[in-house]
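Structure first, then comments.
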Amino acid sequence: MSALAIRDVSRNFGGVQALSNISFEVAPGERRLIIGPNGAGKTTLFNLLSGTVAVSDGQVMLFGRDITNLPPYERTRMGLARTFQITNLFPRLTVLENVLLALQAADKSAFSMLARMRANRPLFQSAEALLQEWDLTAIAGRAAREISYGEQRQIDLILAMAVRPKVLLLDEPTAGLSAGEVVRVVGMVRSLPKDMTILMIEHDMDVAFALADRITVLHQGRLIAEGGVAEIRNDPHVSAIYLGAD
Amino acid sequence: MSGGPLTSATTRRGPVAVSIVGILALLLLPHFLSTYYLGLVVQMMIFALFAMSLDLLIGYTGMASLGHGAYFGVAAYATGLLALKLGWSVWLALPAGLLVAALTATLFGFLALRTRGSYFLMITLALSQVVWGIAFGWRSLTGGDDGLPEVPRPDLGLPWSLTHETPFYYFILFCIGVGTFLLMRIVSSPFGYALRGIRESETRMLSLGYNVWRYKLAVFVLAATFAGLAGSLYVYYNRFVSPDYLQVVRSAEVLLMVILGGAGTLIGPAIGAALIVLLDNVVSAYTERWLLVLGVIYIAVALFAPRGVVGFLREFRAKKAAP
């Protein structure tokens, strides 16, 4: 069974067809790269998958279950998590509090009104362990809006990882990062469990080809190619689009 | 660093010492103050609770309501009517007031929580006007414009009577104390942190798996219930309720208390409420233009201390600590 199956999915905004009749499947544990020029519909596709935007037509299946009409939080509970193209943290909360909120989401205490959050030692220990694992303990007490952009991108990724997803959507995780930071983030992605399915939008082709098993190419809202890394690299049609000779 | 930023608050001794002194002062006040000033302190405490309840929405969840007076008002009317017309004791009339506030908020929440930002502000305002219209128009029940006079002081069935100012003061102090304690627990609970998360980024909360709508409805009803407690206590204090309680100006006033004191903390709105009540009484002794003064305060706060008194003091301290 596919981890994720997209069937004839379309989305139009007013008269603009952002995505038309997209169908593809991603196998469990696969690293799938989504590429395409600006405006190809990549982020729209992620919004449809995560549920922040509704499909106009078509069906989305997560491990064989129809999630087309489920709200985002239920998709997350079923094992689908995402990061954001534009960093989306809790800016005025500390880094530790950011991670705590992510871990708490699946905790049975999440709706408890009279328990003390501070008293939940296991939650704290997991949060601290997670920050320690990525060598970010030094910034644990700082507000998320005060840390560097590179650190923010790493925290964004850690929040998505903290909900222990089965399928993870990464929206340009290395965009705007320095070379050193790119190496760190690539390392983080590589370290994710092998059975985790990952869909990734990425513009840095070195990063993309290094991480991907298979590649899906979108152009002007249509799926124009799909295949292994070498296959897509040598596809003249794909090269033409990227060189603007379409 | 074990524990980190969340636990560091417990090791700060200053606030604890200040709280103990404050509680002792409140307990001893009746021995020093005249009836008039004791009444002023009662008003301050009631409005402090009212402002703190609104801050659950504004400061913690990021939802600015301009209709919070509705819940204060419906609870005041419910408790007042039940005590006056049916002779219910405080043990029944007070909880009934809270229940009416909670039910009203549940109904209004379903309507208002479809919107955000300024639309939420407008719809909460509109809904509170509906309540005002009912209180104003349903003369046979509410007395219309004349209001409900002669609401009796509560009788706890204890050997001392609450018609005397000092026992009544302790009754109010106890109720406000319980309300404040519960609010403090709520804002430091997992639920309370989820509210801050919603304030900071609703989309992120959704993608982490939080049912944001459920949290919003819950906090909307909770905030209304605490506002209802303030309203029910106020009707016992004032022994009178009229549609005036439901006017937009009342909701705007409590909003100002929150902003003046500092949204996002509990102590801020309490300070804001105390300042506004005090100023209202002082200014009203000299002029009838209280609303004008209120407007000037509002502008001054917006310009010079947008984070309120508490925010201003914190920034001041931070600057001194790290020049």
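Scheme for the structure tokens: letters A, B, ... for chains in order shown; per-chain residue numbers from 1; ligand numbers from 1 in order shown.
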Proximity check chain A to chain B, 9 Å, nearest pairs one decimal Å, only C-alpha atoms, as CSV:
residue,atom,partner,partner_atom,distance
A:Ser50,CA,B:Ser207,CA,7.5
A:Gly51,CA,B:Ser207,CA,8.8
A:Thr52,CA,B:Thr203,CA,8.0
A:Pro71,CA,B:Leu206,CA,8.4
A:Pro72,CA,B:Leu206,CA,5.8
A:Tyr73,CA,B:Gly209,CA,3.9
A:Glu74,CA,B:Gly209,CA,6.4
A:Arg75,CA,B:Gly209,CA,7.6
A:Thr76,CA,B:Gly209,CA,5.0
A:Arg77,CA,B:Gly209,CA,5.7
A:Leu80,CA,B:Ser207,CA,8.6
A:Ala81,CA,B:Ser207,CA,6.5
A:Arg82,CA,B:Ser207,CA,6.9
A:Thr83,CA,B:Ser207,CA,8.6
A:Phe84,CA,B:Arg204,CA,8.8
A:Asn88,CA,B:Arg204,CA,6.3
A:Leu89,CA,B:Ser201,CA,6.9
A:Phe90,CA,B:Glu200,CA,4.9
A:Pro91,CA,B:Glu200,CA,6.4
A:Arg92,CA,B:Glu200,CA,7.1
A:Leu93,CA,B:Glu200,CA,8.1
A:Thr94,CA,B:Pro5,CA,7.5
A:Leu96,CA,B:Pro5,CA,7.7
A:Glu97,CA,B:Leu6,CA,7.8
A:Asn98,CA,B:Gly197,CA,8.2
A:Leu101,CA,B:Ala194,CA,6.8
A:Ala102,CA,B:Leu208,CA,6.0
A:Leu103,CA,B:Leu208,CA,8.6
A:Gln104,CA,B:Pro190,CA,7.6
A:Ala105,CA,B:Gly209,CA,5.9
A:Ala106,CA,B:Gly209,CA,7.3
A:Ser109,CA,B:Pro190,CA,6.7
A:Ala110,CA,B:Pro190,CA,5.4
A:Phe111,CA,B:Phe191,CA,5.0
A:Ser112,CA,B:Phe191,CA,5.6
A:Met113,CA,B:Ile186,CA,5.1
A:Leu114,CA,B:Arg185,CA,5.4
A:Ala115,CA,B:Ser189,CA,5.3
A:Arg116,CA,B:Ser189,CA,4.6
A:Met117,CA,B:Ser189,CA,4.8
A:Arg118,CA,B:Leu6,CA,6.6
A:Arg121,CA,B:Gly3,CA,8.9
A:Phe124,CA,B:Gly3,CA,7.3
A:Gln125,CA,B:Gly3,CA,8.6
A:Glu128,CA,B:Ser2,CA,8.0
A:Thr137,CA,B:Met1,CA,7.9
A:Ala138,CA,B:Met1,CA,8.6
A:Ala140,CA,B:Gly4,CA,7.2
A:Gly141,CA,B:Pro5,CA,5.2
A:Arg142,CA,B:Pro5,CA,8.3
A:Leu159,CA,B:Leu208,CA,7.8
A:Ala160,CA,B:Leu208,CA,7.1
A:Ala162,CA,B:Leu208,CA,8.7
A:Val163,CA,B:Leu208,CA,6.7
Quick one: write out the picked residues with N, CA and C atoms as a short mmCIF file (atom, residue, chain, number, x, y, z; two decimals), in the first residue's frame?
data_model
loop_
_atom_site.label_atom_id
_atom_site.label_comp_id
_atom_site.auth_asym_id
_atom_site.auth_seq_id
_atom_site.Cartn_x
_atom_site.Cartn_y
_atom_site.Cartn_z
N SER A 50 -1.61 18.74 3.26
CA SER A 50 -1.67 18.95 4.70
C SER A 50 -3.05 19.44 5.14
N GLY A 51 -3.86 19.84 4.17
CA GLY A 51 -5.26 20.17 4.51
C GLY A 51 -5.52 21.64 4.78
N THR A 52 -4.51 22.50 4.61
CA THR A 52 -4.77 23.93 4.85
C THR A 52 -5.55 24.55 3.69
N PRO A 71 -9.70 17.83 8.44
CA PRO A 71 -8.97 19.05 8.79
C PRO A 71 -7.50 18.75 9.07
N PRO A 72 -6.64 19.77 9.00
CA PRO A 72 -5.19 19.56 9.14
C PRO A 72 -4.81 18.80 10.41
N TYR A 73 -5.44 19.15 11.56
CA TYR A 73 -4.99 18.54 12.81
C TYR A 73 -5.28 17.05 12.83
N GLU A 74 -6.34 16.61 12.15
CA GLU A 74 -6.62 15.17 12.13
C GLU A 74 -5.63 14.44 11.23
N ARG A 75 -5.22 15.10 10.15
CA ARG A 75 -4.19 14.49 9.28
C ARG A 75 -2.89 14.31 10.06
N THR A 76 -2.57 15.33 10.89
CA THR A 76 -1.35 15.23 11.69
C THR A 76 -1.45 14.05 12.65
N ARG A 77 -2.62 13.90 13.27
CA ARG A 77 -2.78 12.79 14.21
C ARG A 77 -2.69 11.44 13.52
N LEU A 80 0.72 12.63 9.40
CA LEU A 80 1.22 13.49 8.33
C LEU A 80 1.66 14.83 8.93
N ALA A 81 2.93 15.19 8.79
CA ALA A 81 3.40 16.46 9.32
C ALA A 81 4.09 17.26 8.23
N ARG A 82 4.25 18.56 8.47
CA ARG A 82 4.88 19.39 7.45
C ARG A 82 5.76 20.47 8.07
N THR A 83 6.66 20.99 7.25
CA THR A 83 7.35 22.23 7.60
C THR A 83 6.82 23.30 6.65
N PHE A 84 7.25 24.53 6.88
CA PHE A 84 6.70 25.64 6.11
C PHE A 84 7.77 26.34 5.30
N ASN A 88 7.53 29.15 10.24
CA ASN A 88 6.28 29.29 10.99
C ASN A 88 6.49 28.72 12.39
N LEU A 89 7.02 29.58 13.26
CA LEU A 89 7.25 29.17 14.65
C LEU A 89 6.33 29.96 15.56
N PHE A 90 6.51 29.81 16.87
CA PHE A 90 5.80 30.63 17.85
C PHE A 90 6.78 31.71 18.29
N PRO A 91 6.79 32.87 17.60
CA PRO A 91 7.92 33.81 17.71
C PRO A 91 8.22 34.30 19.12
N ARG A 92 7.18 34.57 19.92
CA ARG A 92 7.45 35.17 21.23
C ARG A 92 7.66 34.13 22.32
N LEU A 93 7.51 32.86 21.98
CA LEU A 93 7.80 31.81 22.96
C LEU A 93 9.26 31.38 22.81
N THR A 94 9.79 30.81 23.86
CA THR A 94 11.18 30.37 23.78
C THR A 94 11.28 29.13 22.89
N LEU A 96 12.57 26.34 23.68
CA LEU A 96 12.14 25.17 24.45
C LEU A 96 10.61 25.07 24.47
N GLU A 97 9.95 26.20 24.66
CA GLU A 97 8.48 26.19 24.68
C GLU A 97 7.91 25.78 23.32
N ASN A 98 8.57 26.21 22.25
CA ASN A 98 8.17 25.78 20.91
C ASN A 98 8.18 24.26 20.81
N LEU A 101 5.48 22.58 22.99
CA LEU A 101 4.15 22.61 22.38
C LEU A 101 4.00 21.53 21.31
N ALA A 102 5.07 21.32 20.55
CA ALA A 102 5.02 20.29 19.51
C ALA A 102 4.89 18.90 20.12
N LEU A 103 5.66 18.65 21.19
CA LEU A 103 5.61 17.34 21.83
C LEU A 103 4.29 17.13 22.56
N GLN A 104 3.76 18.22 23.13
CA GLN A 104 2.55 18.14 23.93
C GLN A 104 1.32 17.80 23.08
N ALA A 105 1.38 18.15 21.78
CA ALA A 105 0.22 17.97 20.91
C ALA A 105 -0.33 16.55 20.99
N ALA A 106 0.56 15.57 21.03
CA ALA A 106 0.11 14.18 21.04
C ALA A 106 -0.01 13.63 22.46
N SER A 109 -2.20 15.02 28.04
CA SER A 109 -2.43 16.17 28.92
C SER A 109 -2.77 17.45 28.15
N ALA A 110 -2.76 17.38 26.81
CA ALA A 110 -2.80 18.62 26.01
C ALA A 110 -3.99 19.52 26.32
N PHE A 111 -5.11 18.94 26.73
CA PHE A 111 -6.30 19.78 26.96
C PHE A 111 -6.51 20.02 28.46
N SER A 112 -5.56 19.57 29.28
CA SER A 112 -5.73 19.70 30.72
C SER A 112 -5.56 21.16 31.16
N MET A 113 -6.50 21.65 31.96
CA MET A 113 -6.50 23.07 32.31
C MET A 113 -5.90 23.36 33.68
N LEU A 114 -5.86 22.38 34.56
CA LEU A 114 -5.41 22.67 35.92
C LEU A 114 -4.08 22.03 36.27
N ALA A 115 -3.62 21.09 35.43
CA ALA A 115 -2.30 20.52 35.68
C ALA A 115 -1.26 21.58 35.33
N ARG A 116 -0.07 21.46 35.92
CA ARG A 116 0.98 22.41 35.58
C ARG A 116 1.83 21.85 34.45
N MET A 117 2.01 22.63 33.40
CA MET A 117 2.82 22.15 32.30
C MET A 117 4.23 21.86 32.78
N ARG A 118 4.72 22.73 33.67
CA ARG A 118 6.07 22.57 34.20
C ARG A 118 6.28 21.25 34.93
N ARG A 121 7.52 16.24 33.75
CA ARG A 121 8.96 16.01 33.56
C ARG A 121 9.29 15.24 32.27
N PHE A 124 9.41 17.54 29.35
CA PHE A 124 10.59 18.40 29.39
C PHE A 124 11.84 17.65 28.96
N GLN A 125 11.94 16.42 29.49
CA GLN A 125 13.15 15.65 29.17
C GLN A 125 13.22 15.33 27.68
N GLU A 128 14.24 18.57 25.91
CA GLU A 128 15.65 18.88 26.09
C GLU A 128 16.54 17.89 25.32
N THR A 137 20.93 23.31 22.45
CA THR A 137 20.62 23.57 23.86
C THR A 137 20.92 25.02 24.23
N ALA A 138 21.97 25.58 23.62
CA ALA A 138 22.40 26.93 23.99
C ALA A 138 21.32 27.98 23.73
N ALA A 140 17.98 27.33 23.88
CA ALA A 140 16.69 26.83 24.40
C ALA A 140 15.87 27.92 25.07
N GLY A 141 16.56 28.83 25.78
CA GLY A 141 15.84 29.84 26.55
C GLY A 141 15.55 31.12 25.78
N ARG A 142 15.95 31.19 24.52
CA ARG A 142 15.74 32.44 23.77
C ARG A 142 14.44 32.40 22.99
N LEU A 159 10.20 20.86 15.04
CA LEU A 159 8.79 20.83 15.44
C LEU A 159 8.03 19.78 14.63
N ALA A 160 8.32 19.72 13.34
CA ALA A 160 7.63 18.73 12.50
C ALA A 160 8.06 17.32 12.88
N ALA A 162 8.99 16.40 15.82
CA ALA A 162 8.57 16.09 17.18
C ALA A 162 7.22 15.38 17.24
N VAL A 163 6.38 15.56 16.23
CA VAL A 163 5.08 14.88 16.27
C VAL A 163 5.19 13.44 15.74
#
DSSP helix (DSSP H, G or I) residues within region 12-164 of chain A, listed as a VMD selection string:
chain A and resid 42 to 50 72 to 77 95 to 104 117 to 119 121 to 133 137 to 139 149 to 162
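As for CA of Val254 (chain B) and CA of Phe32 (chain B), they are spaced 28.5 Å apart.
Distance annotation: of A:Ser178, A:Asn120, A:Ser148, A:Ser23, the residue with the minimal separation from Glu226 (chain A) is A:Ser23; atom set is only C-alpha atoms.
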Could you pull out all residues of region 32-105 of chain A with a DSSP call of strand (DSSP E) and give them as an MDAnalysis selection string?
chainID A and resid 32:35 57:62 65:66 80:82
Can you write just those residues out, N, CA and C atoms, as a compact mmCIF listing (two decimals), in the first residue's frame?
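The resulting file, part-v2.txt, is reproduced below:
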# COMPACT_ATOMS: atom_id res chain seq x y z
N ARG A 32 10.80 11.37 -1.75
CA ARG A 32 10.33 11.88 -3.03
C ARG A 32 10.58 13.37 -3.11
N LEU A 33 11.20 13.76 -4.19
CA LEU A 33 11.50 15.16 -4.42
C LEU A 33 10.47 15.76 -5.38
N ILE A 34 9.94 16.93 -5.05
CA ILE A 34 9.03 17.62 -5.95
C ILE A 34 9.77 18.84 -6.49
N ILE A 35 9.96 18.91 -7.79
CA ILE A 35 10.61 20.10 -8.36
C ILE A 35 9.73 20.74 -9.41
N ASP A 57 -11.06 19.19 -6.66
CA ASP A 57 -11.49 17.91 -7.21
C ASP A 57 -10.41 16.88 -6.91
N GLY A 58 -10.80 15.61 -6.81
CA GLY A 58 -9.81 14.56 -6.61
C GLY A 58 -9.80 14.04 -5.18
N GLN A 59 -8.80 13.20 -4.92
CA GLN A 59 -8.78 12.44 -3.69
C GLN A 59 -7.35 12.32 -3.16
N VAL A 60 -7.21 12.40 -1.84
CA VAL A 60 -5.90 12.20 -1.22
C VAL A 60 -6.02 11.04 -0.23
N MET A 61 -5.15 10.04 -0.37
CA MET A 61 -5.19 8.88 0.52
C MET A 61 -3.89 8.79 1.31
N LEU A 62 -4.04 8.55 2.64
CA LEU A 62 -2.86 8.36 3.49
C LEU A 62 -2.91 6.93 4.00
N ARG A 65 -6.23 5.34 3.60
CA ARG A 65 -7.42 5.98 4.15
C ARG A 65 -7.65 7.33 3.49
N ASP A 66 -8.89 7.58 3.13
CA ASP A 66 -9.24 8.82 2.44
C ASP A 66 -9.16 9.99 3.42
N LEU A 80 0.72 12.63 9.40
CA LEU A 80 1.22 13.49 8.33
C LEU A 80 1.66 14.83 8.93
N ALA A 81 2.93 15.19 8.79
CA ALA A 81 3.40 16.46 9.32
C ALA A 81 4.09 17.26 8.23
N ARG A 82 4.25 18.56 8.47
CA ARG A 82 4.88 19.39 7.45
C ARG A 82 5.76 20.47 8.07
Rounded to one decimal place, report the CA of Ala83 (chain B)-CA of Pro152 (chain B) distance in Å.
6.9 Å
Neighbours of Thr174 (chain A) within 12 Å (only C-alpha atoms; same-chain residues fewer than 5 positions away dropped), as a PyMOL selection string?
chain A and resi 83-87+149-154+156-157+179-189+200-208
Saved selection, atoms kept: N, CA and C atoms, as an mmCIF file, in the first residue's frame:
data_model
loop_
_atom_site.group_PDB
_atom_site.id
_atom_site.type_symbol
_atom_site.label_atom_id
_atom_site.label_comp_id
_atom_site.auth_asym_id
_atom_site.auth_seq_id
_atom_site.Cartn_x
_atom_site.Cartn_y
_atom_site.Cartn_z
ATOM 1 N N THR A 83 6.662 20.990 7.254
ATOM 2 C CA THR A 83 7.346 22.229 7.600
ATOM 3 C C THR A 83 6.818 23.302 6.652
ATOM 4 N N PHE A 84 7.255 24.533 6.881
ATOM 5 C CA PHE A 84 6.699 25.635 6.109
ATOM 6 C C PHE A 84 7.771 26.341 5.296
ATOM 7 N N GLN A 85 7.367 26.768 4.115
ATOM 8 C CA GLN A 85 8.302 27.494 3.247
ATOM 9 C C GLN A 85 8.738 28.790 3.927
ATOM 10 N N ILE A 86 7.738 29.508 4.482
ATOM 11 C CA ILE A 86 8.037 30.696 5.279
ATOM 12 C C ILE A 86 8.005 30.252 6.727
ATOM 13 N N THR A 87 9.136 30.410 7.411
ATOM 14 C CA THR A 87 9.294 29.894 8.775
ATOM 15 C C THR A 87 8.063 30.193 9.609
ATOM 16 N N TYR A 149 18.232 33.070 11.442
ATOM 17 C CA TYR A 149 17.350 32.445 10.460
ATOM 18 C C TYR A 149 17.663 30.959 10.300
ATOM 19 N N GLY A 150 18.941 30.648 10.271
ATOM 20 C CA GLY A 150 19.343 29.255 10.125
ATOM 21 C C GLY A 150 18.843 28.405 11.282
ATOM 22 N N GLU A 151 18.929 28.972 12.491
ATOM 23 C CA GLU A 151 18.428 28.254 13.667
ATOM 24 C C GLU A 151 16.915 28.097 13.597
ATOM 25 N N GLN A 152 16.240 29.140 13.113
ATOM 26 C CA GLN A 152 14.781 29.058 12.983
ATOM 27 C C GLN A 152 14.365 27.936 12.037
ATOM 28 N N ARG A 153 15.112 27.799 10.930
ATOM 29 C CA ARG A 153 14.779 26.725 9.971
ATOM 30 C C ARG A 153 14.968 25.354 10.625
ATOM 31 N N GLN A 154 15.994 25.253 11.457
ATOM 32 C CA GLN A 154 16.231 23.965 12.136
ATOM 33 C C GLN A 154 15.119 23.670 13.138
ATOM 34 N N ASP A 156 12.065 24.784 12.965
ATOM 35 C CA ASP A 156 10.886 24.476 12.154
ATOM 36 C C ASP A 156 10.851 22.971 11.841
ATOM 37 N N LEU A 157 12.024 22.457 11.457
ATOM 38 C CA LEU A 157 12.136 21.038 11.121
ATOM 39 C C LEU A 157 11.950 20.169 12.376
ATOM 40 N N ALA A 179 26.048 27.838 3.436
ATOM 41 C CA ALA A 179 26.533 26.505 3.060
ATOM 42 C C ALA A 179 26.661 25.590 4.275
ATOM 43 N N GLY A 180 27.178 26.139 5.368
ATOM 44 C CA GLY A 180 27.350 25.348 6.588
ATOM 45 C C GLY A 180 26.017 24.883 7.143
ATOM 46 N N GLU A 181 25.044 25.791 7.108
ATOM 47 C CA GLU A 181 23.725 25.444 7.638
ATOM 48 C C GLU A 181 23.033 24.409 6.760
ATOM 49 N N VAL A 182 23.256 24.505 5.437
ATOM 50 C CA VAL A 182 22.674 23.520 4.527
ATOM 51 C C VAL A 182 23.164 22.130 4.902
ATOM 52 N N VAL A 183 24.448 22.019 5.192
ATOM 53 C CA VAL A 183 25.023 20.724 5.569
ATOM 54 C C VAL A 183 24.328 20.178 6.818
ATOM 55 N N ARG A 184 24.120 21.073 7.786
ATOM 56 C CA ARG A 184 23.440 20.653 9.024
ATOM 57 C C ARG A 184 22.038 20.128 8.744
ATOM 58 N N VAL A 185 21.259 20.901 7.953
ATOM 59 C CA VAL A 185 19.873 20.515 7.699
ATOM 60 C C VAL A 185 19.818 19.220 6.892
ATOM 61 N N VAL A 186 20.712 19.087 5.912
ATOM 62 C CA VAL A 186 20.755 17.845 5.138
ATOM 63 C C VAL A 186 21.052 16.669 6.075
ATOM 64 N N GLY A 187 21.946 16.916 7.018
ATOM 65 C CA GLY A 187 22.266 15.890 8.013
ATOM 66 C C GLY A 187 21.039 15.505 8.828
ATOM 67 N N MET A 188 20.244 16.512 9.192
ATOM 68 C CA MET A 188 19.026 16.238 9.956
ATOM 69 C C MET A 188 18.063 15.375 9.148
ATOM 70 N N VAL A 189 17.888 15.745 7.884
ATOM 71 C CA VAL A 189 16.957 14.991 7.036
ATOM 72 C C VAL A 189 17.463 13.559 6.848
ATOM 73 N N MET A 200 9.682 16.251 -0.468
ATOM 74 C CA MET A 200 10.453 17.462 -0.268
ATOM 75 C C MET A 200 10.417 18.351 -1.497
ATOM 76 N N ILE A 201 10.100 19.629 -1.256
ATOM 77 C CA ILE A 201 10.270 20.630 -2.305
ATOM 78 C C ILE A 201 11.645 21.229 -2.084
ATOM 79 N N GLU A 202 12.453 21.312 -3.126
ATOM 80 C CA GLU A 202 13.804 21.847 -2.928
ATOM 81 C C GLU A 202 14.297 22.452 -4.232
ATOM 82 N N HIS A 203 14.913 23.628 -4.098
ATOM 83 C CA HIS A 203 15.445 24.294 -5.287
ATOM 84 C C HIS A 203 16.925 24.006 -5.488
ATOM 85 N N ASP A 204 17.599 23.706 -4.383
ATOM 86 C CA ASP A 204 19.032 23.420 -4.476
ATOM 87 C C ASP A 204 19.195 21.999 -5.015
ATOM 88 N N MET A 205 19.590 21.881 -6.276
ATOM 89 C CA MET A 205 19.597 20.571 -6.933
ATOM 90 C C MET A 205 20.639 19.624 -6.345
ATOM 91 N N ASP A 206 21.743 20.176 -5.821
ATOM 92 C CA ASP A 206 22.733 19.302 -5.182
ATOM 93 C C ASP A 206 22.119 18.613 -3.973
ATOM 94 N N VAL A 207 21.407 19.441 -3.171
ATOM 95 C CA VAL A 207 20.730 18.902 -1.995
ATOM 96 C C VAL A 207 19.682 17.887 -2.436
ATOM 97 N N ALA A 208 18.887 18.303 -3.421
ATOM 98 C CA ALA A 208 17.756 17.495 -3.856
ATOM 99 C C ALA A 208 18.206 16.127 -4.361
#
List the spatial neighbours of Gln220 (chain A) as a list in words - criterion: any atom at most 12 Å away, only C-alpha atoms, same-chain residues fewer than 2 positions off excluded.
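Residues near the query, excluding close chain neighbours: Val16, Gln17, Ala18, Leu19, Ser20, Asn21, Ile22, Ile35, Gly36, Pro37, Asn38, Gly39, Ala40, Gly41, Lys42, Thr44, Val217, Leu218, Arg222, Leu223, Ile224, Ile241 and Asp246 of chain A.
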Export of prior selection with N, CA and C atoms as an mmCIF file, in the first residue's frame:
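File written: result11.cif
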data_model
loop_
_atom_site.group_PDB
_atom_site.id
_atom_site.type_symbol
_atom_site.label_atom_id
_atom_site.label_comp_id
_atom_site.auth_asym_id
_atom_site.auth_seq_id
_atom_site.Cartn_x
_atom_site.Cartn_y
_atom_site.Cartn_z
ATOM 1 N N VAL A 16 -7.843 30.759 -11.982
ATOM 2 C CA VAL A 16 -6.494 30.241 -12.173
ATOM 3 C C VAL A 16 -6.413 28.779 -11.768
ATOM 4 N N GLN A 17 -5.974 27.953 -12.710
ATOM 5 C CA GLN A 17 -5.830 26.527 -12.421
ATOM 6 C C GLN A 17 -4.439 26.309 -11.830
ATOM 7 N N ALA A 18 -4.372 26.202 -10.485
ATOM 8 C CA ALA A 18 -3.069 26.045 -9.835
ATOM 9 C C ALA A 18 -2.535 24.633 -10.004
ATOM 10 N N LEU A 19 -3.426 23.667 -9.941
ATOM 11 C CA LEU A 19 -3.053 22.272 -10.159
ATOM 12 C C LEU A 19 -4.150 21.613 -10.973
ATOM 13 N N SER A 20 -3.771 20.842 -11.994
ATOM 14 C CA SER A 20 -4.818 20.124 -12.730
ATOM 15 C C SER A 20 -4.492 18.646 -12.878
ATOM 16 N N ASN A 21 -5.427 17.843 -12.424
ATOM 17 C CA ASN A 21 -5.371 16.387 -12.559
ATOM 18 C C ASN A 21 -4.032 15.754 -12.200
ATOM 19 N N ILE A 22 -3.571 16.067 -11.011
ATOM 20 C CA ILE A 22 -2.315 15.475 -10.554
ATOM 21 C C ILE A 22 -2.605 14.105 -9.944
ATOM 22 N N ILE A 35 9.959 18.911 -7.794
ATOM 23 C CA ILE A 35 10.614 20.100 -8.358
ATOM 24 C C ILE A 35 9.726 20.741 -9.413
ATOM 25 N N GLY A 36 10.132 21.918 -9.814
ATOM 26 C CA GLY A 36 9.382 22.660 -10.833
ATOM 27 C C GLY A 36 9.680 24.130 -10.687
ATOM 28 N N PRO A 37 9.549 24.880 -11.771
ATOM 29 C CA PRO A 37 9.837 26.315 -11.707
ATOM 30 C C PRO A 37 8.846 27.031 -10.793
ATOM 31 N N ASN A 38 9.125 28.278 -10.471
ATOM 32 C CA ASN A 38 8.188 29.069 -9.660
ATOM 33 C C ASN A 38 6.801 29.048 -10.282
ATOM 34 N N GLY A 39 5.799 28.914 -9.408
ATOM 35 C CA GLY A 39 4.425 28.926 -9.901
ATOM 36 C C GLY A 39 3.979 27.592 -10.461
ATOM 37 N N ALA A 40 4.795 26.552 -10.284
ATOM 38 C CA ALA A 40 4.428 25.243 -10.814
ATOM 39 C C ALA A 40 3.308 24.603 -9.999
ATOM 40 N N GLY A 41 3.103 25.080 -8.753
ATOM 41 C CA GLY A 41 2.042 24.533 -7.911
ATOM 42 C C GLY A 41 2.561 23.638 -6.797
ATOM 43 N N LYS A 42 3.870 23.725 -6.505
ATOM 44 C CA LYS A 42 4.465 22.830 -5.506
ATOM 45 C C LYS A 42 3.910 23.079 -4.106
ATOM 46 N N THR A 44 1.199 24.734 -3.349
ATOM 47 C CA THR A 44 -0.233 24.442 -3.358
ATOM 48 C C THR A 44 -0.474 22.951 -3.128
ATOM 49 N N VAL A 217 8.119 16.027 -11.300
ATOM 50 C CA VAL A 217 8.310 17.370 -11.854
ATOM 51 C C VAL A 217 6.961 18.000 -12.172
ATOM 52 N N LEU A 218 6.739 19.164 -11.613
ATOM 53 C CA LEU A 218 5.512 19.915 -11.909
ATOM 54 C C LEU A 218 5.861 21.114 -12.774
ATOM 55 N N ARG A 222 0.796 21.138 -13.880
ATOM 56 C CA ARG A 222 0.659 19.776 -14.392
ATOM 57 C C ARG A 222 1.866 18.931 -14.003
ATOM 58 N N LEU A 223 1.610 17.633 -13.885
ATOM 59 C CA LEU A 223 2.712 16.714 -13.625
ATOM 60 C C LEU A 223 3.294 16.331 -14.973
ATOM 61 N N ILE A 224 4.547 16.713 -15.221
ATOM 62 C CA ILE A 224 5.083 16.459 -16.560
ATOM 63 C C ILE A 224 6.112 15.341 -16.602
ATOM 64 N N ILE A 241 12.549 22.951 -19.654
ATOM 65 C CA ILE A 241 11.756 23.805 -18.781
ATOM 66 C C ILE A 241 12.659 24.634 -17.885
ATOM 67 N N ASP A 246 11.158 26.140 -23.171
ATOM 68 C CA ASP A 246 9.914 25.387 -23.399
ATOM 69 C C ASP A 246 9.087 25.981 -24.541
#
Give me, as a PyMOL selection string, all polymer residues having an atom no more than 8 Å from region 48-63 of chain B, counting only C-alpha atoms and skipping those fewer than 2 positions away in the same chain.
chain B and resi 44-46+65+68+72+116-117+120+176+179-180+183+187+192+195-200+216+219-220+222-224+226-227+230-231+254-255+257-258+263-267+269-274
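Going from CA of Val53 (chain A) over to CA of Ala64 (chain B), you cover 25.7 Å.
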Long-range neighbours of Phe168 (chain B) as a ChimeraX atom specification, 10 Å cut-off, only C-alpha atoms, 2 positions minimum in chain:
/B:39,42,153-155,160-166,170-174,236-237
What lies within 12 Å of Leu148 (chain B) using only C-alpha atoms, ignoring chain neighbours under 4 positions off, as a list in words?
Ala76, Tyr77, Ala78, Thr79, Gly80, Leu81, Leu82, Ala83, Leu84, Lys85, Ala135, Phe136, Arg139, Ser140, Leu141, Thr142, Gly143, Gly144, Pro152, Val235, Tyr236, Asn238, Arg239, Phe240, Val241, Ser242, Pro243, Asp244 and Tyr245 of chain B
